[in-house]
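*Asks:* Input file: upload.tsv. Contents: TSV, C-alpha atoms.
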chain	number	residue	atom	x	y	z
A	234	MET	CA	-42.85	-43.77	-12.29
A	235	ALA	CA	-41.81	-40.33	-13.52
A	236	ARG	CA	-44.12	-40.70	-16.52
A	237	VAL	CA	-47.03	-41.60	-14.23
A	238	ILE	CA	-46.42	-38.58	-11.99
A	239	SER	CA	-46.10	-36.33	-15.06
A	240	PHE	CA	-49.39	-37.67	-16.44
A	241	LEU	CA	-51.26	-37.22	-13.16
A	242	THR	CA	-49.96	-33.67	-12.55
A	243	ARG	CA	-50.29	-32.18	-16.02
A	244	THR	CA	-52.78	-29.35	-16.38
A	245	ARG	CA	-54.54	-27.49	-19.14
A	246	GLY	CA	-53.58	-24.07	-17.84
A	247	ARG	CA	-49.97	-22.99	-18.17
A	248	ASP	CA	-49.40	-20.49	-15.36
A	249	ARG	CA	-52.32	-21.55	-13.16
A	250	LEU	CA	-54.92	-24.26	-12.93
A	251	HIS	CA	-57.74	-23.95	-15.46
A	252	TRP	CA	-61.31	-24.41	-14.22
A	253	THR	CA	-61.43	-27.70	-16.12
A	254	ASP	CA	-58.40	-28.88	-14.11
A	255	TRP	CA	-60.23	-28.18	-10.85
A	256	PHE	CA	-63.30	-30.01	-12.12
A	257	THR	CA	-61.28	-32.99	-13.38
A	258	TYR	CA	-59.23	-33.45	-10.22
A	259	GLY	CA	-62.32	-32.97	-8.04
A	260	TYR	CA	-64.20	-35.58	-10.06
A	261	LEU	CA	-61.31	-38.06	-9.90
A	262	PHE	CA	-60.80	-37.51	-6.17
A	263	SER	CA	-64.50	-38.06	-5.52
A	264	GLY	CA	-64.42	-41.28	-7.53
A	265	VAL	CA	-61.39	-42.59	-5.67
A	266	LEU	CA	-62.98	-41.68	-2.33
A	267	LEU	CA	-66.23	-43.45	-3.19
A	268	MET	CA	-64.47	-46.59	-4.40
A	269	PHE	CA	-61.68	-46.98	-1.86
A	270	GLY	CA	-63.16	-45.17	1.15
A	271	PRO	CA	-65.32	-48.11	2.32
A	272	VAL	CA	-62.44	-50.53	1.76
A	273	LEU	CA	-60.07	-48.39	3.81
A	274	TRP	CA	-62.70	-48.04	6.54
A	275	LEU	CA	-63.12	-51.82	6.59
A	276	ALA	CA	-59.36	-52.40	6.85
A	277	LEU	CA	-58.95	-49.91	9.71
A	278	SER	CA	-62.05	-51.17	11.53
A	279	SER	CA	-60.62	-54.70	11.51
A	280	PHE	CA	-57.89	-53.41	13.88
A	281	LYS	CA	-60.35	-51.84	16.34
A	282	THR	CA	-61.34	-53.30	19.68
A	283	ASP	CA	-64.94	-54.29	20.44
A	284	ALA	CA	-65.39	-51.19	22.60
A	285	GLU	CA	-64.12	-48.93	19.81
A	286	LEU	CA	-66.42	-50.58	17.26
A	287	GLU	CA	-69.42	-49.89	19.48
A	288	ARG	CA	-68.46	-46.26	20.01
A	289	PHE	CA	-70.80	-43.57	18.66
A	290	PRO	CA	-70.04	-41.46	16.80
A	291	PRO	CA	-67.46	-43.76	15.19
A	292	ARG	CA	-63.88	-42.68	14.57
A	293	PHE	CA	-61.84	-43.31	11.45
A	294	LEU	CA	-58.60	-44.44	13.09
A	295	PRO	CA	-58.39	-47.35	15.55
A	296	TYR	CA	-57.93	-45.92	19.04
A	297	ALA	CA	-57.37	-47.84	22.26
A	298	GLN	CA	-57.11	-46.73	25.86
A	299	GLU	CA	-53.61	-46.60	27.25
A	300	MET	CA	-52.74	-49.08	30.00
A	301	THR	CA	-50.02	-48.82	32.63
A	302	GLU	CA	-48.35	-51.11	35.12
A	303	VAL	CA	-48.89	-50.05	38.75
A	304	GLU	CA	-47.01	-51.52	41.69
A	305	GLY	CA	-49.21	-53.79	43.75
A	306	TYR	CA	-51.59	-54.70	40.94
A	307	ASP	CA	-51.27	-57.84	38.86
A	308	LYS	CA	-52.85	-56.54	35.66
A	309	PRO	CA	-52.29	-53.26	33.76
A	310	LEU	CA	-54.76	-50.52	34.68
A	311	PRO	CA	-56.49	-48.08	32.29
A	312	VAL	CA	-55.11	-44.54	32.30
A	313	PHE	CA	-57.31	-41.44	32.74
A	314	THR	CA	-56.76	-37.71	33.04
A	315	ILE	CA	-58.60	-35.81	35.77
A	316	THR	CA	-60.41	-32.82	34.27
A	317	THR	CA	-61.64	-30.88	37.33
A	318	GLY	CA	-60.74	-30.31	40.98
A	319	GLU	CA	-57.42	-30.03	42.74
A	320	LEU	CA	-55.90	-32.84	40.69
A	321	ALA	CA	-56.94	-31.40	37.31
A	322	GLY	CA	-54.51	-32.50	34.60
A	323	ALA	CA	-53.07	-35.40	36.61
A	324	ARG	CA	-52.76	-38.82	35.02
A	325	VAL	CA	-54.23	-41.58	37.15
A	326	ALA	CA	-54.91	-45.30	36.80
A	327	GLN	CA	-58.38	-46.62	37.49
A	328	VAL	CA	-58.53	-49.47	39.97
A	329	ARG	CA	-62.25	-50.12	39.79
A	330	ARG	CA	-65.54	-48.42	39.04
A	331	ILE	CA	-68.58	-48.61	41.31
A	332	GLY	CA	-71.61	-46.99	39.74
A	333	LEU	CA	-70.85	-43.31	39.07
A	334	VAL	CA	-67.72	-43.34	41.25
A	335	ALA	CA	-64.29	-44.39	40.05
A	336	GLN	CA	-61.46	-45.43	42.36
A	337	VAL	CA	-58.13	-44.28	40.95
A	338	VAL	CA	-54.51	-44.17	42.06
A	339	ARG	CA	-51.53	-42.15	40.96
A	340	PRO	CA	-48.72	-44.33	39.57
A	341	GLU	CA	-46.15	-42.56	41.75
A	342	ASN	CA	-48.27	-43.16	44.89
A	343	PRO	CA	-50.19	-46.43	44.37
A	344	SER	CA	-51.08	-46.84	48.03
A	345	GLU	CA	-53.43	-43.81	48.06
A	346	VAL	CA	-56.83	-44.60	46.53
A	347	ILE	CA	-58.77	-41.55	45.32
A	348	LYS	CA	-62.50	-41.53	44.64
A	349	ILE	CA	-63.75	-39.28	41.84
A	350	SER	CA	-66.88	-38.99	39.72
A	351	ILE	CA	-66.70	-40.65	36.34
A	352	LYS	CA	-67.63	-37.28	34.83
A	353	ASP	CA	-64.41	-35.77	36.18
A	354	ARG	CA	-62.08	-38.05	34.25
A	355	GLN	CA	-61.22	-38.53	30.59
A	356	ALA	CA	-59.71	-41.62	29.07
A	357	VAL	CA	-56.21	-41.30	27.66
A	358	GLU	CA	-56.26	-42.86	24.19
A	359	SER	CA	-53.82	-43.33	21.35
A	360	VAL	CA	-53.81	-44.94	17.93
A	361	SER	CA	-53.30	-48.66	18.45
A	362	LEU	CA	-53.78	-51.70	16.20
A	363	ALA	CA	-55.69	-54.56	17.81
A	364	THR	CA	-53.73	-57.33	16.09
A	365	LYS	CA	-55.35	-59.89	18.38
A	366	ASN	CA	-58.39	-59.75	16.08
A	367	TYR	CA	-56.29	-61.63	13.53
A	368	THR	CA	-54.32	-63.88	15.84
A	369	GLU	CA	-57.51	-65.12	17.54
A	370	LEU	CA	-58.85	-66.30	14.16
A	371	PHE	CA	-56.17	-68.98	13.98
A	372	GLU	CA	-56.65	-69.91	17.64
A	373	ARG	CA	-60.45	-70.11	17.79
A	374	PHE	CA	-61.30	-71.18	14.23
A	375	ASN	CA	-59.89	-73.60	11.68
A	376	PHE	CA	-59.11	-70.76	9.29
A	377	MET	CA	-56.61	-72.70	7.17
A	378	ARG	CA	-59.20	-75.42	6.54
A	379	PHE	CA	-61.73	-72.86	5.31
A	380	LEU	CA	-59.03	-71.28	3.14
A	381	TRP	CA	-58.14	-74.64	1.61
A	382	ASN	CA	-61.80	-75.42	0.84
A	383	SER	CA	-62.30	-72.07	-0.90
A	384	THR	CA	-59.03	-72.39	-2.82
A	385	PHE	CA	-59.76	-75.95	-3.96
A	386	ILE	CA	-63.29	-75.08	-5.09
A	387	THR	CA	-62.13	-71.95	-6.90
A	388	VAL	CA	-59.20	-73.56	-8.72
A	389	MET	CA	-60.98	-76.78	-9.76
A	390	ALA	CA	-64.19	-75.00	-10.77
A	391	THR	CA	-62.24	-72.48	-12.86
A	392	LEU	CA	-60.26	-75.19	-14.69
A	393	ILE	CA	-63.36	-77.27	-15.42
A	394	MET	CA	-65.29	-74.19	-16.52
A	395	LEU	CA	-62.54	-73.15	-18.94
A	396	LEU	CA	-62.37	-76.64	-20.45
A	397	VAL	CA	-66.12	-77.20	-20.86
A	398	ASN	CA	-66.96	-73.68	-22.01
A	399	SER	CA	-64.11	-73.56	-24.52
A	400	MET	CA	-65.14	-76.90	-26.06
A	401	ALA	CA	-68.74	-75.70	-26.40
A	402	ALA	CA	-67.61	-72.37	-27.84
A	403	PHE	CA	-65.32	-74.13	-30.33
A	404	ALA	CA	-68.22	-76.26	-31.61
A	405	LEU	CA	-70.61	-73.29	-31.87
A	406	SER	CA	-68.09	-71.07	-33.66
A	407	LYS	CA	-66.28	-73.43	-36.07
A	408	TYR	CA	-68.70	-76.27	-36.84
A	409	GLU	CA	-71.61	-76.00	-39.27
A	410	PHE	CA	-74.53	-78.12	-38.12
A	411	ARG	CA	-78.30	-77.92	-38.11
A	412	GLY	CA	-79.69	-76.09	-35.10
A	413	ARG	CA	-76.54	-74.18	-34.27
A	414	GLY	CA	-78.43	-70.88	-34.22
A	415	THR	CA	-81.11	-72.39	-31.97
A	416	VAL	CA	-78.50	-73.65	-29.52
A	417	MET	CA	-76.83	-70.25	-29.41
A	418	ALA	CA	-80.20	-68.58	-28.86
A	419	LEU	CA	-80.83	-70.92	-25.92
A	420	VAL	CA	-77.41	-70.08	-24.46
A	421	ILE	CA	-78.18	-66.37	-24.67
A	422	GLY	CA	-81.65	-66.98	-23.24
A	423	VAL	CA	-80.19	-68.75	-20.21
A	424	LEU	CA	-78.25	-65.56	-19.43
A	425	MET	CA	-81.55	-63.94	-18.47
A	426	VAL	CA	-82.58	-66.71	-16.04
A	427	PRO	CA	-81.73	-65.85	-12.38
A	428	GLN	CA	-79.80	-68.46	-10.42
A	429	THR	CA	-82.46	-68.63	-7.73
A	430	VAL	CA	-84.94	-70.05	-10.26
A	431	VAL	CA	-82.90	-73.23	-10.75
A	432	LEU	CA	-81.78	-73.75	-7.15
A	433	VAL	CA	-84.46	-76.32	-6.32
A	434	PRO	CA	-83.94	-78.58	-9.40
A	435	LEU	CA	-80.19	-78.15	-9.03
A	436	PHE	CA	-80.41	-79.29	-5.42
A	437	LEU	CA	-82.51	-82.33	-6.38
A	438	VAL	CA	-80.10	-83.38	-9.14
A	439	THR	CA	-77.08	-82.94	-6.86
A	440	ARG	CA	-78.75	-85.00	-4.15
A	441	GLU	CA	-79.58	-87.84	-6.57
A	442	LEU	CA	-75.96	-87.91	-7.71
A	443	GLY	CA	-74.82	-88.24	-4.09
A	444	MET	CA	-72.69	-85.08	-4.16
A	445	LEU	CA	-74.39	-83.14	-1.39
A	446	ASP	CA	-72.16	-82.06	1.49
A	447	SER	CA	-69.01	-82.47	-0.59
A	448	LEU	CA	-66.74	-80.00	-2.33
A	449	TRP	CA	-67.46	-81.61	-5.70
A	450	GLY	CA	-71.14	-80.90	-5.15
A	451	VAL	CA	-70.23	-77.22	-5.19
A	452	ILE	CA	-67.83	-77.50	-8.14
A	453	ILE	CA	-69.68	-79.62	-10.70
A	454	PRO	CA	-73.01	-77.70	-10.99
A	455	GLY	CA	-71.12	-74.63	-12.22
A	456	ALA	CA	-68.99	-76.48	-14.75
A	457	ALA	CA	-70.67	-74.72	-17.70
A	458	THR	CA	-71.88	-71.13	-17.77
A	459	PRO	CA	-73.69	-69.33	-20.61
A	460	THR	CA	-71.56	-66.23	-20.03
A	461	GLY	CA	-68.35	-68.17	-20.62
A	462	VAL	CA	-69.70	-69.90	-23.72
A	463	PHE	CA	-70.85	-66.58	-25.19
A	464	LEU	CA	-67.56	-64.76	-24.51
A	465	LEU	CA	-65.37	-67.53	-25.89
A	466	ARG	CA	-67.61	-68.13	-28.90
A	467	GLN	CA	-67.50	-64.43	-29.85
A	468	TYR	CA	-63.72	-64.45	-29.62
A	469	MET	CA	-63.27	-67.70	-31.54
A	470	LEU	CA	-65.27	-66.26	-34.42
A	471	THR	CA	-62.33	-63.90	-35.00
A	472	ILE	CA	-59.95	-66.83	-35.59
A	473	PRO	CA	-59.59	-67.31	-39.38
A	474	ASP	CA	-61.14	-70.53	-40.68
A	475	GLU	CA	-58.20	-70.90	-43.08
A	476	ILE	CA	-55.91	-71.82	-40.18
A	477	ILE	CA	-58.22	-74.67	-39.15
A	478	ASP	CA	-58.65	-75.84	-42.77
A	479	ALA	CA	-54.87	-75.92	-43.24
A	480	ALA	CA	-54.50	-78.01	-40.06
A	481	ARG	CA	-57.09	-80.48	-41.32
A	482	MET	CA	-55.24	-80.77	-44.62
A	483	ASP	CA	-52.14	-81.68	-42.59
A	484	LYS	CA	-54.12	-84.58	-41.04
A	485	ALA	CA	-54.51	-82.90	-37.64
A	486	SER	CA	-57.30	-84.37	-35.51
A	487	GLU	CA	-60.14	-82.19	-34.21
A	488	TRP	CA	-58.83	-82.53	-30.68
A	489	LYS	CA	-55.36	-81.43	-31.78
A	490	ILE	CA	-56.83	-78.44	-33.62
A	491	TYR	CA	-58.74	-77.46	-30.51
A	492	TRP	CA	-55.86	-78.01	-28.10
A	493	ARG	CA	-52.86	-76.82	-30.16
A	494	ILE	CA	-54.41	-74.06	-32.28
A	495	VAL	CA	-57.72	-72.71	-31.01
A	496	LEU	CA	-56.91	-72.59	-27.29
A	497	PRO	CA	-53.55	-70.75	-27.66
A	498	LEU	CA	-55.14	-68.20	-30.01
A	499	SER	CA	-58.00	-67.70	-27.53
A	500	ALA	CA	-55.69	-66.95	-24.61
A	501	PRO	CA	-56.94	-63.34	-24.05
A	502	ALA	CA	-60.58	-64.46	-23.81
A	503	LEU	CA	-59.61	-67.41	-21.61
A	504	ALA	CA	-57.77	-65.02	-19.28
A	505	VAL	CA	-60.88	-62.85	-18.97
A	506	LEU	CA	-63.09	-65.84	-18.25
A	507	ALA	CA	-60.58	-67.19	-15.72
A	508	ILE	CA	-60.57	-63.90	-13.80
A	509	LEU	CA	-64.36	-63.71	-13.78
A	510	ALA	CA	-64.65	-67.37	-12.76
A	511	ILE	CA	-62.23	-66.88	-9.87
A	512	MET	CA	-64.22	-63.91	-8.62
A	513	TRP	CA	-67.56	-65.72	-9.00
A	514	ARG	CA	-66.47	-68.88	-7.23
A	515	TRP	CA	-64.48	-67.23	-4.46
A	516	ASN	CA	-67.37	-64.92	-3.53
A	517	ASP	CA	-70.13	-67.49	-4.00
A	518	PHE	CA	-72.28	-67.86	-0.90
A	519	LEU	CA	-75.78	-69.06	-1.79
A	520	TRP	CA	-75.03	-72.41	-3.44
A	521	PRO	CA	-72.35	-73.53	-0.92
A	522	LEU	CA	-74.81	-72.61	1.85
A	523	ILE	CA	-77.35	-75.01	0.32
A	524	ALA	CA	-74.98	-77.80	-0.69
A	525	LEU	CA	-72.76	-77.93	2.42
A	526	SER	CA	-73.82	-78.68	5.99
A	527	ARG	CA	-70.71	-79.95	7.81
A	528	PRO	CA	-68.49	-77.16	9.23
A	529	GLU	CA	-65.29	-78.85	8.05
A	530	LYS	CA	-66.52	-78.44	4.46
A	531	PHE	CA	-67.35	-74.74	4.78
A	532	THR	CA	-65.77	-72.11	2.58
A	533	LEU	CA	-64.54	-68.76	3.84
A	534	GLN	CA	-67.83	-67.13	2.89
A	535	LEU	CA	-69.80	-69.60	5.01
A	536	ALA	CA	-67.33	-69.25	7.86
A	537	LEU	CA	-67.96	-65.51	7.84
A	538	ASN	CA	-71.63	-66.19	8.45
A	539	SER	CA	-70.80	-68.16	11.60
A	540	PHE	CA	-69.65	-64.96	13.37
A	541	GLN	CA	-73.18	-63.57	13.22
A	542	GLY	CA	-75.42	-65.03	15.90
A	543	GLU	CA	-79.09	-64.58	16.62
A	544	MET	CA	-78.54	-62.19	19.52
A	545	ASP	CA	-74.96	-61.01	19.09
A	546	THR	CA	-72.33	-60.48	16.40
A	547	ASN	CA	-68.58	-60.80	16.93
A	548	TRP	CA	-67.72	-57.73	14.87
A	549	SER	CA	-63.98	-57.66	15.53
A	550	SER	CA	-63.43	-61.23	14.29
A	551	LEU	CA	-65.94	-60.76	11.48
A	552	LEU	CA	-64.16	-57.69	10.12
A	553	ALA	CA	-60.72	-59.29	10.43
A	554	MET	CA	-61.80	-62.41	8.57
A	555	THR	CA	-63.54	-60.28	5.94
A	556	VAL	CA	-60.24	-58.54	5.20
A	557	LEU	CA	-58.42	-61.87	4.93
A	558	THR	CA	-61.17	-63.19	2.66
A	559	LEU	CA	-61.05	-60.17	0.35
A	560	LEU	CA	-57.25	-60.01	0.17
A	561	PRO	CA	-56.62	-62.94	-2.26
A	562	ILE	CA	-59.31	-61.92	-4.72
A	563	ALA	CA	-58.20	-58.28	-4.54
A	564	LEU	CA	-54.63	-59.29	-5.42
A	565	VAL	CA	-55.83	-61.41	-8.35
A	566	PHE	CA	-57.95	-58.57	-9.68
A	567	ALA	CA	-55.21	-55.96	-9.17
A	568	PHE	CA	-52.62	-57.90	-11.16
A	569	LEU	CA	-54.90	-59.28	-13.89
A	570	GLN	CA	-57.57	-56.59	-14.31
A	571	LYS	CA	-55.89	-55.24	-17.47
A	572	TYR	CA	-56.88	-58.45	-19.29
A	573	ILE	CA	-60.57	-57.82	-18.58
A	574	ALA	CA	-60.85	-54.65	-20.67
A	575	THR	CA	-58.69	-55.92	-23.54
A	576	GLY	CA	-60.30	-59.35	-23.59
A	577	ILE	CA	-63.90	-58.11	-23.51
A	578	ALA	CA	-63.13	-55.49	-26.16
A	579	SER	CA	-61.74	-58.18	-28.44
A	580	THR	CA	-64.87	-60.35	-28.12
A	581	GLY	CA	-67.20	-57.71	-29.49
A	582	GLY	CA	-66.97	-58.36	-33.17
A	583	LYS	CA	-65.55	-60.43	-35.97
Could you quickly redo this structure as structure tokens?

*Replies:*
Amino acid sequence: MARVISFLTRTRGRDRLHWTDWFTYGYLFSGVLLMFGPVLWLALSSFKTDAELERFPPRFLPYAQEMTEVEGYDKPLPVFTITTGELAGARVAQVRRIGLVAQVVRPENPSEVIKISIKDRQAVESVSLATKNYTELFERFNFMRFLWNSTFITVMATLIMLLVNSMAAFALSKYEFRGRGTVMALVIGVLMVPQTVVLVPLFLVTRELGMLDSLWGVIIPGAATPTGVFLLRQYMLTIPDEIIDAARMDKASEWKIYWRIVLPLSAPALAVLAILAIMWRWNDFLWPLIALSRPEKFTLQLALNSFQGEMDTNWSSLLAMTVLTLLPIALVFAFLQKYIATGIASTGGK
């Protein structure tokens, strides 16, 4: 930790900050603000009440009006401060509001009802976290079912993708056969084809196989990706052919060479592809929306869409569930992001 602090606080100037230090720290601060500012705003907004979310201009911190218990009233009453008149500065509790007139009482004298204009009072607010936005998710929605569907699809799709892509990459990198260059050119060419172009034929094939409205109908169509084949093939080209030739001389089967030699040596590239696959599958929305129709099969991404209606949007629940949806993938990326740079850098050349 001391080394990190020393690295972040070191400057070019000795006695005072050099102009390059000001420029560097300003640039870094701006980058951090642009990247993490929206995320922080999202996290804080998920703890705001519906009234606070509709407030304009919006406020950064989640505020809520203070409530107080008053004798003779069953429910807590909102607290206001009177701004003008004889009672200026007094804290009162609002009993009811009728048009532009508010009926208030003082907590120490609840029997006396005072009528004031709504312009003569100001709400007493404080920073408060609306944790009910999260607790209501588990009461009103089958959140754990959506979480299980997303987790199952992500894990199974990632494992299948790693297996299929690595086998294809092994054949394209270590086997000499006619048409290998053509196959690799087709793989690279598929990288330039948008997903939306193949949605209709993909839907027809999935329907004929009877996998519509099932989790496997979401998993199987993405079992092989040109990006994964290309990344793994580029990395496997760096594995010396002499190792494979020596294994064949020792009577090792092709499957054993692939499983016991090639895969362990390709671990950095596999880690990169696994991270990318987890992010792709967890955040996928378009294909599950087409392939799934029953609510009990929905993923978290589809469940998020259910909070947005034609005439109204439940913003408090939507923001809370968005945070819960982003949290797992953010943790995966935070702990494994170092493998992305090292793995991609190692797939660049032979």

*Asks:* Using only C-alpha atoms, determine which residues lie at most 9 Å from A:Ser549, disregarding the query and same-chain residues fewer than 5 positions distant; provide the list as a short mmCIF file (atom, residue, chain, number, x, y, z; two decimals) with C-alpha atoms, in the frame of the given file.

*Replies:*
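Okay, this is what ended up in around31.cif:
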data_model
loop_
_atom_site.label_atom_id
_atom_site.label_comp_id
_atom_site.auth_asym_id
_atom_site.auth_seq_id
_atom_site.Cartn_x
_atom_site.Cartn_y
_atom_site.Cartn_z
CA SER A 278 -62.05 -51.17 11.53
CA SER A 279 -60.62 -54.70 11.51
CA PHE A 280 -57.89 -53.41 13.88
CA LYS A 281 -60.35 -51.84 16.34
CA THR A 282 -61.34 -53.30 19.68
CA ASP A 283 -64.94 -54.29 20.44
CA LEU A 286 -66.42 -50.58 17.26
CA ASN A 366 -58.39 -59.75 16.08
CA TYR A 367 -56.29 -61.63 13.53
CA MET A 554 -61.80 -62.41 8.57
#

*Asks:* Near stretch 351-354 of chain A, within 10 Å and counting only C-alpha atoms, which residues show up once chain neighbours fewer than 2 positions away are dropped, as a list in words?

*Replies:* Val312, Phe313, Thr314, Ile315, Thr316, Thr317, Gly318, Ala321, Gly322, Ala323, Arg324, Val325, Gln327, Arg330, Ile331, Gly332, Leu333, Val334, Ala335, Gln336, Val337, Lys348, Ile349, Ala356 and Val357 of chain A

*Asks:* Which one of A:Thr364, A:Ser550, A:Ser486, A:Ser383 sits closest to A:Trp449 if you count only C-alpha atoms?

*Replies:* A:Ser383

*Asks:* With all atoms listed in the file as the atoms that count, which of A:Leu273, A:Leu465, A:Val430, A:Leu442 lies nearest to A:Phe403?

*Replies:*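 The shortest atom-to-atom distance to A:Phe403 comes from A:Leu465.
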
*Asks:* One decimal, in Å: what's the spacing between atom CA of A:Val505 and atom CA of A:Leu395?

*Replies:* 10.4 Å

*Asks:* Between A:Val431, A:Asp474, A:Gly422, A:Asp483, single out the one closest to A:Glu409, counting only C-alpha atoms.

*Replies:*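 Comparing A:Val431, A:Asp474, A:Gly422, A:Asp483 against A:Glu409, the winner is A:Asp474.
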
*Asks:* Taking (-57.6, -44.0, 18.1) in the file's own coordinates, collect the residues within 7 Å, counting all atoms listed in the file, and hand them back as a PyMOL selection string.

*Replies:* chain A and resi 294-297+358-361

*Asks:* Using only C-alpha atoms, which residue out of A:Arg411, A:Asn547, A:Phe256, A:Val556 lies closest to A:Gln534?

*Replies:* A:Val556

*Asks:* Pick out the residues sitting within 10 Å of A:Thr458, and hand them over as a PyMOL selection string; count all atoms listed in the file, and ignore anything fewer than 3 positions along from it in its own chain.

*Replies:* chain A and resi 394-395+397-398+420+423-424+454-455+461-463+510

*Asks:* Given all atoms listed in the file as the basis, pick out the residue of A:Ala457, A:Ile386, A:Leu551, A:Ala536 nearest to A:Met400.

*Replies:*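 Among A:Ala457, A:Ile386, A:Leu551, A:Ala536, it is A:Ala457 that comes nearest to A:Met400.
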